[in-house]
file my_file-v1.cif (mmCIF, C-alpha atoms and all ligand atoms)
data_protein
loop_
_atom_site.label_atom_id
_atom_site.label_comp_id
_atom_site.auth_asym_id
_atom_site.auth_seq_id
_atom_site.Cartn_x
_atom_site.Cartn_y
_atom_site.Cartn_z
CA MET V 1316 -16.84 -8.24 20.96
CA HIS V 1317 -16.00 -7.66 24.60
CA VAL V 1318 -12.97 -5.47 25.26
CA LYS V 1319 -11.47 -6.50 28.59
CA GLU V 1320 -11.24 -3.95 31.40
CA GLN V 1321 -7.70 -2.74 31.69
CA PRO V 1322 -5.76 0.29 32.85
CA THR V 1323 -5.77 2.88 30.09
CA ARG V 1324 -2.56 4.00 28.40
CA HIS V 1325 -3.34 7.33 26.78
CA LYS V 1326 -0.03 7.98 25.03
CA PRO V 1327 1.76 4.83 23.97
CA GLY V 1328 5.46 5.69 23.70
CA SER V 1329 7.14 2.68 22.14
CA LEU V 1330 6.42 0.62 19.06
CA ALA V 1331 7.80 -2.58 17.56
CA LEU V 1332 7.32 -3.09 13.84
CA PHE V 1333 8.01 -6.58 12.49
CA CYS V 1334 8.91 -6.85 8.81
CA LYS V 1335 9.52 -10.04 6.87
CA VAL V 1336 10.97 -9.37 3.44
CA VAL V 1337 8.94 -11.64 1.18
CA ASP V 1338 10.30 -10.31 -2.06
CA ASN V 1339 12.20 -7.35 -3.48
CA TYR V 1340 12.16 -3.99 -1.70
CA GLY V 1341 8.54 -3.05 -1.03
CA ASP V 1342 8.14 -4.78 2.33
CA ILE V 1343 11.15 -3.10 3.89
CA GLY V 1344 10.54 0.06 1.83
CA ILE V 1345 7.12 0.55 3.41
CA CYS V 1346 8.18 -0.47 6.93
CA TRP V 1347 11.22 1.79 6.88
CA ARG V 1348 9.14 4.74 5.73
CA LEU V 1349 6.52 4.12 8.41
CA ALA V 1350 9.13 3.56 11.14
CA ARG V 1351 10.87 6.86 10.37
CA GLN V 1352 7.65 8.79 10.22
CA LEU V 1353 6.33 7.43 13.52
CA GLN V 1354 9.62 8.31 15.15
CA HIS V 1355 10.09 11.76 13.60
CA GLU V 1356 6.58 13.07 13.44
CA HIS V 1357 4.90 11.35 16.37
CA GLY V 1358 7.77 11.06 18.83
CA ILE V 1359 7.32 7.29 19.20
CA ARG V 1360 10.36 5.14 20.05
CA VAL V 1361 10.40 2.67 17.18
CA SER V 1362 12.15 -0.69 16.94
CA LEU V 1363 12.11 -2.08 13.44
CA TRP V 1364 12.63 -5.85 13.40
CA VAL V 1365 13.66 -6.94 9.90
CA ASP V 1366 14.85 -10.31 8.66
CA ASP V 1367 16.78 -9.16 5.56
CA LEU V 1368 19.36 -6.43 6.06
CA ILE V 1369 20.79 -6.84 2.57
CA SER V 1370 17.57 -5.74 0.87
CA PHE V 1371 17.27 -2.98 3.46
CA GLN V 1372 20.76 -1.70 2.64
CA ARG V 1373 19.82 -1.35 -1.04
CA ILE V 1374 17.26 1.38 -0.26
CA CYS V 1375 19.11 2.72 2.80
CA PRO V 1376 22.92 2.62 2.36
CA GLU V 1377 23.53 3.46 6.08
CA VAL V 1378 22.47 -0.06 7.08
CA ASP V 1379 25.29 -2.21 8.42
CA ILE V 1380 24.37 -5.72 7.30
CA ASN V 1381 26.47 -7.31 10.05
CA SER V 1382 24.92 -5.44 12.94
CA GLU V 1383 22.36 -7.08 15.25
CA SER V 1384 21.14 -3.77 16.56
CA GLN V 1385 21.79 -0.30 15.15
CA LEU V 1386 20.29 3.15 15.36
CA ILE V 1387 19.48 4.70 11.97
CA ALA V 1388 17.70 8.05 11.70
CA GLY V 1389 16.56 7.62 15.30
CA VAL V 1390 15.00 4.19 14.64
CA SER V 1391 16.37 1.15 16.43
CA VAL V 1392 16.92 -1.46 13.73
CA ARG V 1393 17.02 -5.06 14.97
CA HIS V 1394 18.03 -8.05 12.91
CA TRP V 1395 15.16 -10.53 13.19
CA HIS V 1396 16.72 -13.98 12.74
CA ASP V 1397 14.06 -16.50 13.54
CA GLN V 1398 11.03 -17.40 15.61
CA GLN V 1399 13.08 -18.92 18.46
CA ALA V 1400 14.19 -15.72 20.19
CA GLU V 1401 13.25 -15.27 23.86
CA PHE V 1402 11.41 -12.19 25.10
CA ASN V 1403 10.37 -10.85 28.52
CA VAL V 1404 7.60 -8.47 29.47
CA SER V 1405 10.17 -5.67 29.67
CA ASP V 1406 10.99 -6.19 25.96
CA ILE V 1407 7.43 -5.56 24.80
CA ALA V 1408 6.50 -2.29 23.13
CA ASP V 1409 3.26 -0.38 23.77
CA ILE V 1410 2.28 -0.80 20.12
CA VAL V 1411 3.12 -3.92 18.12
CA ILE V 1412 2.71 -4.00 14.35
CA GLU V 1413 3.10 -7.02 12.17
CA PHE V 1414 3.43 -6.13 8.53
CA PHE V 1415 1.51 -8.20 5.99
CA ALA V 1416 0.52 -10.81 8.60
CA CYS V 1417 4.11 -11.90 9.19
CA ASP V 1418 4.13 -14.23 12.20
CA ILE V 1419 5.84 -12.54 15.09
CA PRO V 1420 7.89 -14.79 17.41
CA PRO V 1421 5.69 -16.91 19.72
CA ALA V 1422 7.70 -15.85 22.79
CA TYR V 1423 6.97 -12.20 21.94
CA ILE V 1424 3.23 -12.92 21.81
CA LYS V 1425 3.36 -14.81 25.12
CA ALA V 1426 5.13 -11.90 26.76
CA MET V 1427 2.58 -9.49 25.24
CA ALA V 1428 -0.18 -11.43 26.96
CA LYS V 1429 1.52 -10.87 30.32
CA CYS V 1430 1.63 -7.06 29.93
CA THR V 1431 -0.77 -4.75 31.72
CA PRO V 1432 -2.21 -2.96 29.93
CA SER V 1433 -1.95 -5.13 26.85
CA PRO V 1434 -0.03 -3.63 23.96
CA VAL V 1435 -2.07 -2.42 21.00
CA TRP V 1436 -1.52 -5.06 18.36
CA LEU V 1437 -2.07 -4.30 14.69
CA ASN V 1438 -1.73 -6.22 11.48
CA LEU V 1439 -0.83 -3.71 8.78
CA GLU V 1440 -2.24 -5.10 5.55
CA GLY V 1441 -1.34 -4.65 1.88
CA LEU V 1442 -2.78 -1.88 -0.25
CA THR V 1443 -5.76 -2.52 -2.47
CA ALA V 1444 -8.55 -0.36 -3.87
CA GLU V 1445 -11.11 -3.15 -3.55
CA GLN V 1446 -14.21 -2.01 -1.69
CA TRP V 1447 -14.31 -4.79 0.92
CA VAL V 1448 -11.34 -3.15 2.61
CA GLU V 1449 -13.56 -0.41 4.05
CA GLY V 1450 -15.59 -3.05 5.92
CA CYS V 1451 -12.51 -4.80 7.32
CA HIS V 1452 -10.40 -1.78 8.27
CA THR V 1453 -9.85 -1.71 12.09
CA LEU V 1454 -11.80 -4.94 12.68
CA PRO V 1455 -10.70 -6.75 15.85
CA SER V 1456 -9.56 -10.35 15.87
CA PRO V 1457 -9.36 -11.87 19.36
CA HIS V 1458 -6.49 -14.31 19.96
CA PRO V 1459 -7.87 -17.86 20.19
CA SER V 1460 -6.24 -18.64 23.55
CA LEU V 1461 -4.54 -15.54 24.97
CA PRO V 1462 -6.15 -12.37 26.33
CA LEU V 1463 -5.03 -10.34 23.31
CA THR V 1464 -6.80 -8.69 20.41
CA LYS V 1465 -5.22 -7.94 17.08
CA TYR V 1466 -6.72 -5.24 14.83
CA PHE V 1467 -6.58 -5.14 11.05
CA PHE V 1468 -5.32 -1.88 9.68
CA PHE V 1469 -5.72 -1.32 5.94
CA PRO V 1470 -4.06 1.36 3.87
CA GLY V 1471 -6.34 2.62 1.12
CA PHE V 1472 -7.67 5.31 -1.15
CA THR V 1473 -10.72 6.51 0.79
CA ASN V 1474 -11.40 8.11 4.15
CA LYS V 1475 -12.89 4.83 5.38
CA THR V 1476 -9.42 3.25 5.25
CA GLY V 1477 -6.07 4.06 6.84
CA GLY V 1478 -5.04 6.22 3.85
CA LEU V 1479 -1.58 6.22 2.26
CA LEU V 1480 1.88 6.76 3.68
CA VAL V 1481 2.99 10.34 3.18
CA GLU V 1482 5.42 12.38 5.26
CA SER V 1483 4.18 15.77 6.46
CA ALA V 1484 6.98 17.67 4.68
CA LEU V 1485 6.76 15.76 1.40
CA GLU V 1486 4.41 18.12 -0.44
CA GLN V 1487 6.55 21.13 0.38
CA GLN V 1488 9.74 19.30 -0.63
CA ARG V 1489 8.23 18.15 -3.91
CA GLN V 1490 6.91 21.60 -4.75
CA ALA V 1491 10.26 23.25 -3.97
CA PHE V 1492 12.14 20.70 -6.09
CA GLN V 1493 9.75 20.89 -9.02
CA ASP V 1494 9.86 24.71 -8.94
CA ASP V 1495 13.67 24.78 -8.88
CA VAL V 1496 14.99 24.15 -12.42
CA ILE V 1497 18.62 24.34 -11.31
CA ALA V 1498 18.15 21.78 -8.52
CA ARG V 1499 16.35 19.44 -10.89
CA GLN V 1500 19.04 19.72 -13.56
CA ALA V 1501 21.79 19.22 -10.98
CA PHE V 1502 20.05 16.12 -9.64
CA LEU V 1503 19.67 14.60 -13.11
CA ALA V 1504 23.22 15.53 -14.10
CA LYS V 1505 24.48 13.79 -10.96
CA LEU V 1506 22.69 10.67 -12.15
CA GLY V 1507 24.69 10.93 -15.37
CA LEU V 1508 22.16 12.49 -17.75
CA SER V 1509 23.50 14.67 -20.56
CA LEU V 1510 21.88 18.02 -21.36
CA ALA V 1511 20.02 16.46 -24.30
CA GLU V 1512 18.68 13.73 -22.02
CA ILE V 1513 17.61 16.31 -19.44
CA ASP V 1514 15.71 18.19 -22.18
CA ALA V 1515 13.99 15.06 -23.49
CA LEU V 1516 10.68 13.65 -22.26
CA LYS V 1517 11.93 11.75 -19.22
CA ILE V 1518 10.33 8.46 -18.22
CA SER V 1519 11.42 6.37 -15.25
CA LEU V 1520 10.99 2.63 -15.58
CA PHE V 1521 10.48 0.32 -12.59
CA CYS V 1522 8.60 -2.90 -13.38
CA TYR V 1523 8.64 -6.69 -13.04
CA PRO V 1524 10.31 -8.86 -15.69
CA GLN V 1525 6.97 -9.71 -17.38
CA ALA V 1526 6.31 -6.13 -18.53
CA PRO V 1527 6.24 -5.64 -22.33
CA VAL V 1528 9.24 -3.31 -22.25
CA ASN V 1529 10.50 -4.32 -25.71
CA ALA V 1530 7.21 -3.28 -27.29
CA MET V 1531 7.28 0.08 -25.50
CA PHE V 1532 10.93 0.72 -26.46
CA ASP V 1533 10.05 -0.03 -30.05
CA VAL V 1534 7.27 2.58 -30.06
CA TRP V 1535 9.42 5.22 -28.36
CA GLN V 1536 12.37 4.55 -30.66
CA HIS V 1537 10.27 5.05 -33.78
CA GLY V 1538 8.32 8.06 -32.49
CA SER V 1539 9.02 11.72 -33.15
CA THR V 1540 9.50 12.86 -29.52
CA ALA V 1541 12.94 12.60 -27.95
CA ILE V 1542 12.52 10.30 -24.95
CA CYS V 1543 15.00 9.43 -22.23
CA CYS V 1544 14.04 6.29 -20.35
CA LEU V 1545 15.74 5.81 -16.97
CA ALA V 1546 15.91 2.26 -15.69
CA PRO V 1547 17.50 1.26 -12.37
CA GLU V 1548 20.13 -1.44 -12.66
CA GLY V 1549 18.55 -4.89 -12.60
CA VAL V 1550 15.13 -3.71 -13.81
CA ALA V 1551 13.85 -5.02 -17.17
CA ALA V 1552 17.40 -6.28 -17.55
CA ASP V 1553 16.81 -8.37 -20.70
CA ALA V 1554 14.99 -5.66 -22.63
CA VAL V 1555 17.48 -3.00 -21.55
CA LYS V 1556 20.42 -5.23 -22.43
CA SER V 1557 19.04 -5.96 -25.86
CA PHE V 1558 18.41 -2.24 -26.48
CA LEU V 1559 21.88 -1.27 -25.27
CA GLY V 1560 23.65 -4.13 -26.99
CA GLN V 1561 25.63 -4.67 -23.79
CA ASP V 1562 25.05 -5.58 -20.16
CA ALA V 1563 22.71 -3.20 -18.35
CA ILE V 1564 25.21 -1.79 -15.86
CA ALA V 1565 24.64 1.51 -14.06
CA GLY V 1566 26.06 4.36 -16.12
CA THR V 1567 25.57 2.71 -19.52
CA SER V 1568 23.27 4.26 -22.10
CA ALA V 1569 22.43 4.04 -25.80
CA THR V 1570 20.37 6.05 -28.24
CA ARG V 1571 18.42 4.53 -31.12
CA GLY V 1572 16.06 6.71 -33.08
CA ALA V 1573 14.16 9.00 -30.71
CA LEU V 1574 14.89 6.87 -27.64
CA THR V 1575 17.77 6.97 -25.18
CA VAL V 1576 17.83 4.30 -22.51
CA ARG V 1577 20.04 5.00 -19.53
CA VAL V 1578 20.76 2.60 -16.67
CA LEU V 1579 20.78 4.23 -13.25
CA PRO V 1580 22.23 2.86 -10.06
CA PHE V 1581 19.66 1.78 -7.49
CA ILE V 1582 19.35 5.01 -5.50
CA PRO V 1583 18.38 5.68 -1.84
CA GLN V 1584 14.67 6.15 -1.17
CA PRO V 1585 14.67 9.98 -0.91
CA ASP V 1586 16.46 10.22 -4.28
CA TYR V 1587 13.95 7.87 -5.82
CA ASP V 1588 11.26 10.40 -4.89
CA ARG V 1589 13.28 13.13 -6.60
CA LEU V 1590 13.58 10.97 -9.68
CA LEU V 1591 9.79 10.54 -9.82
CA TRP V 1592 9.34 14.30 -9.36
CA ALA V 1593 11.90 15.10 -12.07
CA CYS V 1594 10.43 12.77 -14.72
CA ASP V 1595 7.47 13.57 -16.96
CA MET V 1596 6.03 10.12 -16.55
CA ASN V 1597 6.77 7.15 -14.29
CA PHE V 1598 6.37 3.42 -14.64
CA VAL V 1599 6.18 2.00 -11.12
CA ARG V 1600 5.41 -1.32 -9.49
CA GLY V 1601 4.50 -3.16 -6.28
CA GLU V 1602 3.17 -0.96 -3.52
CA ASP V 1603 5.60 1.67 -2.33
CA SER V 1604 6.83 3.11 -5.65
CA PHE V 1605 3.18 2.98 -6.80
CA VAL V 1606 2.20 5.27 -3.90
CA ARG V 1607 5.20 7.55 -4.37
CA ALA V 1608 4.24 8.04 -8.03
CA GLN V 1609 0.85 9.28 -6.86
CA TRP V 1610 2.52 11.95 -4.70
CA ALA V 1611 4.67 12.99 -7.68
CA GLY V 1612 1.55 14.18 -9.50
CA LYS V 1613 2.81 12.93 -12.86
CA PRO V 1614 1.12 10.42 -15.19
CA PHE V 1615 2.12 6.91 -14.17
CA ILE V 1616 1.60 3.31 -15.19
CA TRP V 1617 1.44 0.73 -12.42
CA HIS V 1618 2.87 -2.76 -12.82
CA ILE V 1619 1.08 -4.66 -10.10
CA TYR V 1620 2.83 -7.47 -8.19
CA PRO V 1621 1.76 -10.69 -9.95
CA GLN V 1622 -0.28 -13.20 -7.95
CA ASP V 1623 -1.45 -16.75 -8.63
CA GLU V 1624 -4.53 -17.21 -10.81
CA ASN V 1625 -4.28 -13.57 -11.91
CA LEU V 1626 -5.76 -12.37 -8.61
CA HIS V 1627 -3.86 -9.16 -9.17
CA HIS V 1628 -5.95 -8.33 -12.23
CA LYS V 1629 -8.95 -7.79 -9.95
CA LYS V 1630 -6.92 -5.45 -7.76
CA LEU V 1631 -5.57 -3.59 -10.76
CA LYS V 1632 -9.05 -3.07 -12.18
CA ALA V 1633 -10.36 -1.90 -8.79
CA PHE V 1634 -7.67 0.78 -8.72
CA LEU V 1635 -8.08 1.78 -12.36
CA GLN V 1636 -11.80 2.16 -11.86
CA CYS V 1637 -11.19 5.00 -9.42
CA HIS V 1638 -8.02 6.42 -10.90
CA THR V 1639 -8.38 6.30 -14.68
CA ALA V 1640 -12.16 6.63 -15.03
CA ASN V 1641 -11.69 9.81 -17.11
CA THR V 1642 -8.50 8.82 -18.90
CA PRO V 1643 -9.27 5.88 -21.20
CA ASP V 1644 -5.81 6.11 -22.80
CA LEU V 1645 -4.04 5.63 -19.46
CA HIS V 1646 -6.50 2.88 -18.62
CA ALA V 1647 -5.82 0.99 -21.85
CA LEU V 1648 -2.04 1.14 -21.51
CA SER V 1649 -2.25 0.08 -17.85
CA LEU V 1650 -4.24 -3.03 -18.78
CA ALA V 1651 -1.89 -3.90 -21.63
CA TRP V 1652 1.23 -3.31 -19.51
CA ASN V 1653 -0.10 -5.81 -16.98
CA GLY V 1654 -1.01 -8.42 -19.58
CA VAL V 1655 -4.75 -8.09 -18.92
CA THR V 1656 -5.60 -7.48 -22.55
CA GLY V 1657 -3.87 -9.58 -25.15
CA HIS V 1658 -1.39 -10.13 -27.88
CA GLY V 1659 -3.21 -7.76 -30.21
CA ASP V 1660 -2.33 -4.71 -28.08
CA ASP V 1661 -1.37 -1.81 -30.32
CA TYR V 1662 1.24 -0.02 -28.21
CA ALA V 1663 1.90 2.66 -30.82
CA ALA V 1664 -1.77 3.67 -30.94
CA MET V 1665 -2.08 3.56 -27.14
CA TRP V 1666 1.06 5.61 -26.62
CA ASN V 1667 0.17 8.20 -29.25
CA THR V 1668 -3.28 8.92 -27.80
CA LEU V 1669 -1.87 9.01 -24.29
CA HIS V 1670 0.95 11.32 -25.30
CA ALA V 1671 -1.47 13.67 -27.07
CA ASP V 1672 -3.50 13.81 -23.86
CA PHE V 1673 -0.49 14.34 -21.60
CA ASP V 1674 -1.36 17.76 -20.18
CA ARG V 1675 -4.86 16.71 -19.23
CA ILE V 1676 -3.58 13.51 -17.60
CA THR V 1677 -0.95 15.48 -15.67
CA GLY V 1678 -3.72 17.79 -14.40
CA MET V 1679 -5.76 14.77 -13.38
CA SER V 1680 -2.75 13.29 -11.57
CA ASN V 1681 -2.46 16.48 -9.54
CA ASP V 1682 -6.16 16.36 -8.66
CA TRP V 1683 -5.78 12.73 -7.61
CA ARG V 1684 -2.87 13.62 -5.33
CA GLN V 1685 -5.00 16.30 -3.69
CA GLN V 1686 -7.86 13.87 -3.24
CA MET V 1687 -5.55 11.30 -1.62
CA LEU V 1688 -4.02 13.89 0.73
CA GLU V 1689 -7.50 14.68 2.02
CA ASN V 1690 -7.75 11.16 3.49
CA GLY V 1691 -4.98 12.02 5.97
CA ASP V 1692 -1.68 10.16 6.16
CA LEU V 1693 -1.43 6.53 7.20
CA ALA V 1694 0.96 7.10 10.13
CA SER V 1695 -1.28 9.75 11.72
CA ASN V 1696 -4.41 7.69 11.08
CA LEU V 1697 -2.69 4.72 12.70
CA VAL V 1698 -1.63 6.72 15.77
CA LYS V 1699 -5.20 8.06 16.13
CA PHE V 1700 -6.56 4.53 16.01
CA VAL V 1701 -4.00 3.27 18.53
CA ASN V 1702 -5.03 6.06 20.92
CA THR V 1703 -8.66 5.08 20.50
CA VAL V 1704 -7.87 1.45 21.35
CA SER V 1705 -5.69 2.50 24.30
CA SER V 1706 -8.45 4.58 25.78
CA GLY V 1707 -10.91 1.70 25.36
CA GLU V 1708 -13.08 3.56 22.85
CA THR V 1709 -13.03 1.05 20.01
CA LYS V 1710 -16.15 -0.48 18.49
CA LYS V 1711 -17.24 -3.53 20.46
O1 LIG V 1801 10.34 -3.91 -4.93
P1 LIG V 1801 8.90 -4.12 -5.06
O2 LIG V 1801 8.48 -5.02 -6.13
O3 LIG V 1801 8.37 -4.62 -3.70
C1 LIG V 1801 7.22 -5.29 -3.27
C2 LIG V 1801 7.62 -6.66 -2.83
O4 LIG V 1801 7.82 -7.46 -3.94
C3 LIG V 1801 6.58 -7.22 -1.93
O5 LIG V 1801 6.83 -8.56 -1.57
C4 LIG V 1801 5.23 -7.10 -2.52
O6 LIG V 1801 4.35 -7.47 -1.54
C5 LIG V 1801 4.99 -5.66 -2.91
O7 LIG V 1801 6.01 -5.22 -3.83
C6 LIG V 1801 3.63 -5.44 -3.49
O8 LIG V 1801 8.16 -2.70 -5.33
P2 LIG V 1801 7.84 -1.47 -4.37
O9 LIG V 1801 6.73 -1.79 -3.44
O10 LIG V 1801 7.64 -0.31 -5.24
O11 LIG V 1801 9.15 -1.21 -3.52
C7 LIG V 1801 10.31 -0.69 -4.05
C8 LIG V 1801 11.04 0.13 -3.01
O12 LIG V 1801 12.34 0.43 -3.46
C9 LIG V 1801 10.37 1.45 -2.71
O13 LIG V 1801 10.48 1.76 -1.34
C10 LIG V 1801 11.18 2.45 -3.52
C11 LIG V 1801 12.54 1.85 -3.42
N1 LIG V 1801 13.50 2.22 -4.47
C12 LIG V 1801 14.64 2.91 -4.10
O14 LIG V 1801 14.79 3.26 -2.91
N2 LIG V 1801 15.56 3.20 -5.04
C13 LIG V 1801 15.40 2.87 -6.36
O15 LIG V 1801 16.28 3.17 -7.18
C14 LIG V 1801 14.21 2.18 -6.72
C15 LIG V 1801 13.96 1.81 -8.16
C16 LIG V 1801 13.27 1.87 -5.76
#

call {"tool": "encode", "arguments": {"input": "my_file-v1.cif", "output": "structure tokens"}}
result
Amino acid sequence: MHVKEQPTRHKPGSLALFCKVVDNYGDIGICWRLARQLQHEHGIRVSLWVDDLISFQRICPEVDINSESQLIAGVSVRHWHDQQAEFNVSDIADIVIEFFACDIPPAYIKAMAKCTPSPVWLNLEGLTAEQWVEGCHTLPSPHPSLPLTKYFFFPGFTNKTGGLLVESALEQQRQAFQDDVIARQAFLAKLGLSLAEIDALKISLFCYPQAPVNAMFDVWQHGSTAICCLAPEGVAADAVKSFLGQDAIAGTSATRGALTVRVLPFIPQPDYDRLLWACDMNFVRGEDSFVRAQWAGKPFIWHIYPQDENLHHKKLKAFLQCHTANTPDLHALSLAWNGVTGHGDDYAAMWNTLHADFDRITGMSNDWRQQMLENGDLASNLVKFVNTVSSGETKK
């Protein structure tokens, strides 16, 4: 590919990140995290264009859903209404990111083409452990008619990908929180947990409606270990309601046998991290909570976002192949939880072997976290790549 001659821009200072909320909270969850990190840790002026402020407000209560433009944590948040908006050259940022191939407004692209030098344009892709990602990461894609090139940027689990999102202070914050019994107890008490619940084996539960939650509750209820399962309001609502015998509203809880199920409010993103750190095991889903569980260093089960024709099973297996190679018990429960195996799944047997192996799996989760940290963080890897493109040093 021929990279056109253009004035170099060694330190791009502004960035526009476009986020279309396709579903739930992961799209905005990831974009918000990245926006804050680029602003705070790399000194880049970030504008986050997002089309759904209501979902955004759920993970970030400071968001004013009626505001067209607001500054939150140093990030300029813009309400992205439609594709019709007009843009001039002066509106265009030095770096433009479209998340998950969301189409950015045509007028924005036209104005990008008029800029000299051209902005660095990236498509930030979804996370998968499949191997083909290494070959596609940072590949250029020239625009069919305009003098612009878009680059694919893939998060991932190896040093041949963009890595995972992780803030530079996160490790220190996690360690301090996990070392501080009083802070942990105070955090859990604030969420409404009783002393007995705090002392129990704590499991957070975040999954899609298809997860076999009833089967898992049944095993936990009839086991001999006191378990406190913490489910955010709206998650696994049917199973939680049937366990509680009443609507699953934040603050409600019930105990049957060895299991207490407690409904939590949906909490802001930084508190969700603390919840993952405070629990002994986490059930997570989608993309962002899945990554945060990896930083928590606790055993976790991933409920992958379902796709047509079970495409997600391939992605799940690709991840499990690297992550659970030495933990067959975690592997088996992960497959069952995602409906990959079948009706004959014996949840009691799977849980009992996993539980007996808990310390070893926790150790492995810590090793995995270390391994992932060695790939560098996604925001820094992205900034490095942008600087390479800006200085005209990309592969041709
Ligand atoms: O919500 P998710 O299912 O989101 C996504 C979307 O569905 C998206 O379209 C899809 O592409 C992607 O999954 C794979 O799951 P995820 O990714 O874990 O995002 C949840 C976000 O919500 C994450 O940033 C953590 C945050 N969160 C809170 O802030 N507070 C909470 O109480 C909880 C439970 C989550």

call {"tool": "atom_distance", "arguments": {"input": "my_file-v1.cif", "atom1": "atom O2 of ligand LIG 1801 (chain V)", "atom2": "CA of Phe1492 in chain V"}}
result
26.0 Å

call {"tool": "closest_atom_pairs", "arguments": {"input": "my_file-v1.cif", "of": "chain V", "to": "ligand LIG 1801 (chain V)", "cutoff": "6 Å", "atoms": "all atoms listed in the file", "output": "CSV"}}
result
residue,atom,partner,partner_atom,distance
V:Val1337,CA,V:LIG1801,O5,4.6
V:Asp1338,CA,V:LIG1801,O5,3.9
V:Asn1339,CA,V:LIG1801,O1,4.2
V:Tyr1340,CA,V:LIG1801,O1,3.7
V:Gly1341,CA,V:LIG1801,O3,3.1
V:Asp1342,CA,V:LIG1801,C3,5.2
V:Gly1344,CA,V:LIG1801,O13,3.6
V:Ile1345,CA,V:LIG1801,O13,5.9
V:Ile1374,CA,V:LIG1801,O14,4.1
V:Phe1521,CA,V:LIG1801,C15,5.8
V:Pro1547,CA,V:LIG1801,C15,5.5
V:Phe1581,CA,V:LIG1801,O15,3.7
V:Ile1582,CA,V:LIG1801,O15,4.0
V:Pro1583,CA,V:LIG1801,O14,4.5
V:Gln1584,CA,V:LIG1801,O14,3.4
V:Tyr1587,CA,V:LIG1801,N2,5.0
V:Arg1600,CA,V:LIG1801,O10,4.9
V:Gly1601,CA,V:LIG1801,O7,3.5
V:Glu1602,CA,V:LIG1801,O9,3.7
V:Asp1603,CA,V:LIG1801,O9,3.8
V:Ser1604,CA,V:LIG1801,O10,3.5
V:Phe1605,CA,V:LIG1801,O10,5.8
V:Tyr1620,CA,V:LIG1801,C6,5.2

call {"tool": "residues_around", "arguments": {"input": "my_file-v1.cif", "residues": "Asp1418 in chain V", "least_positions_apart": "2", "cutoff": "9 Å", "atoms": "all atoms listed in the file", "output": "VMD selection string"}}
result
chain V and resid 1333 1335 1398 1413 to 1414 1416 1420 to 1421

call {"tool": "closest_residue", "arguments": {"input": "my_file-v1.cif", "among": "V:Leu1669, V:Asp1586, V:Ser1695, V:Pro1614", "to": "Gln1488 in chain V", "atoms": "all atoms listed in the file"}}
result
V:Asp1586

call {"tool": "closest_residue", "arguments": {"input": "my_file-v1.cif", "among": "V:Phe1468, V:Asn1381, V:Gln1525, V:Asp1644", "to": "Ala1671 in chain V", "atoms": "all atoms listed in the file"}}
result
V:Asp1644
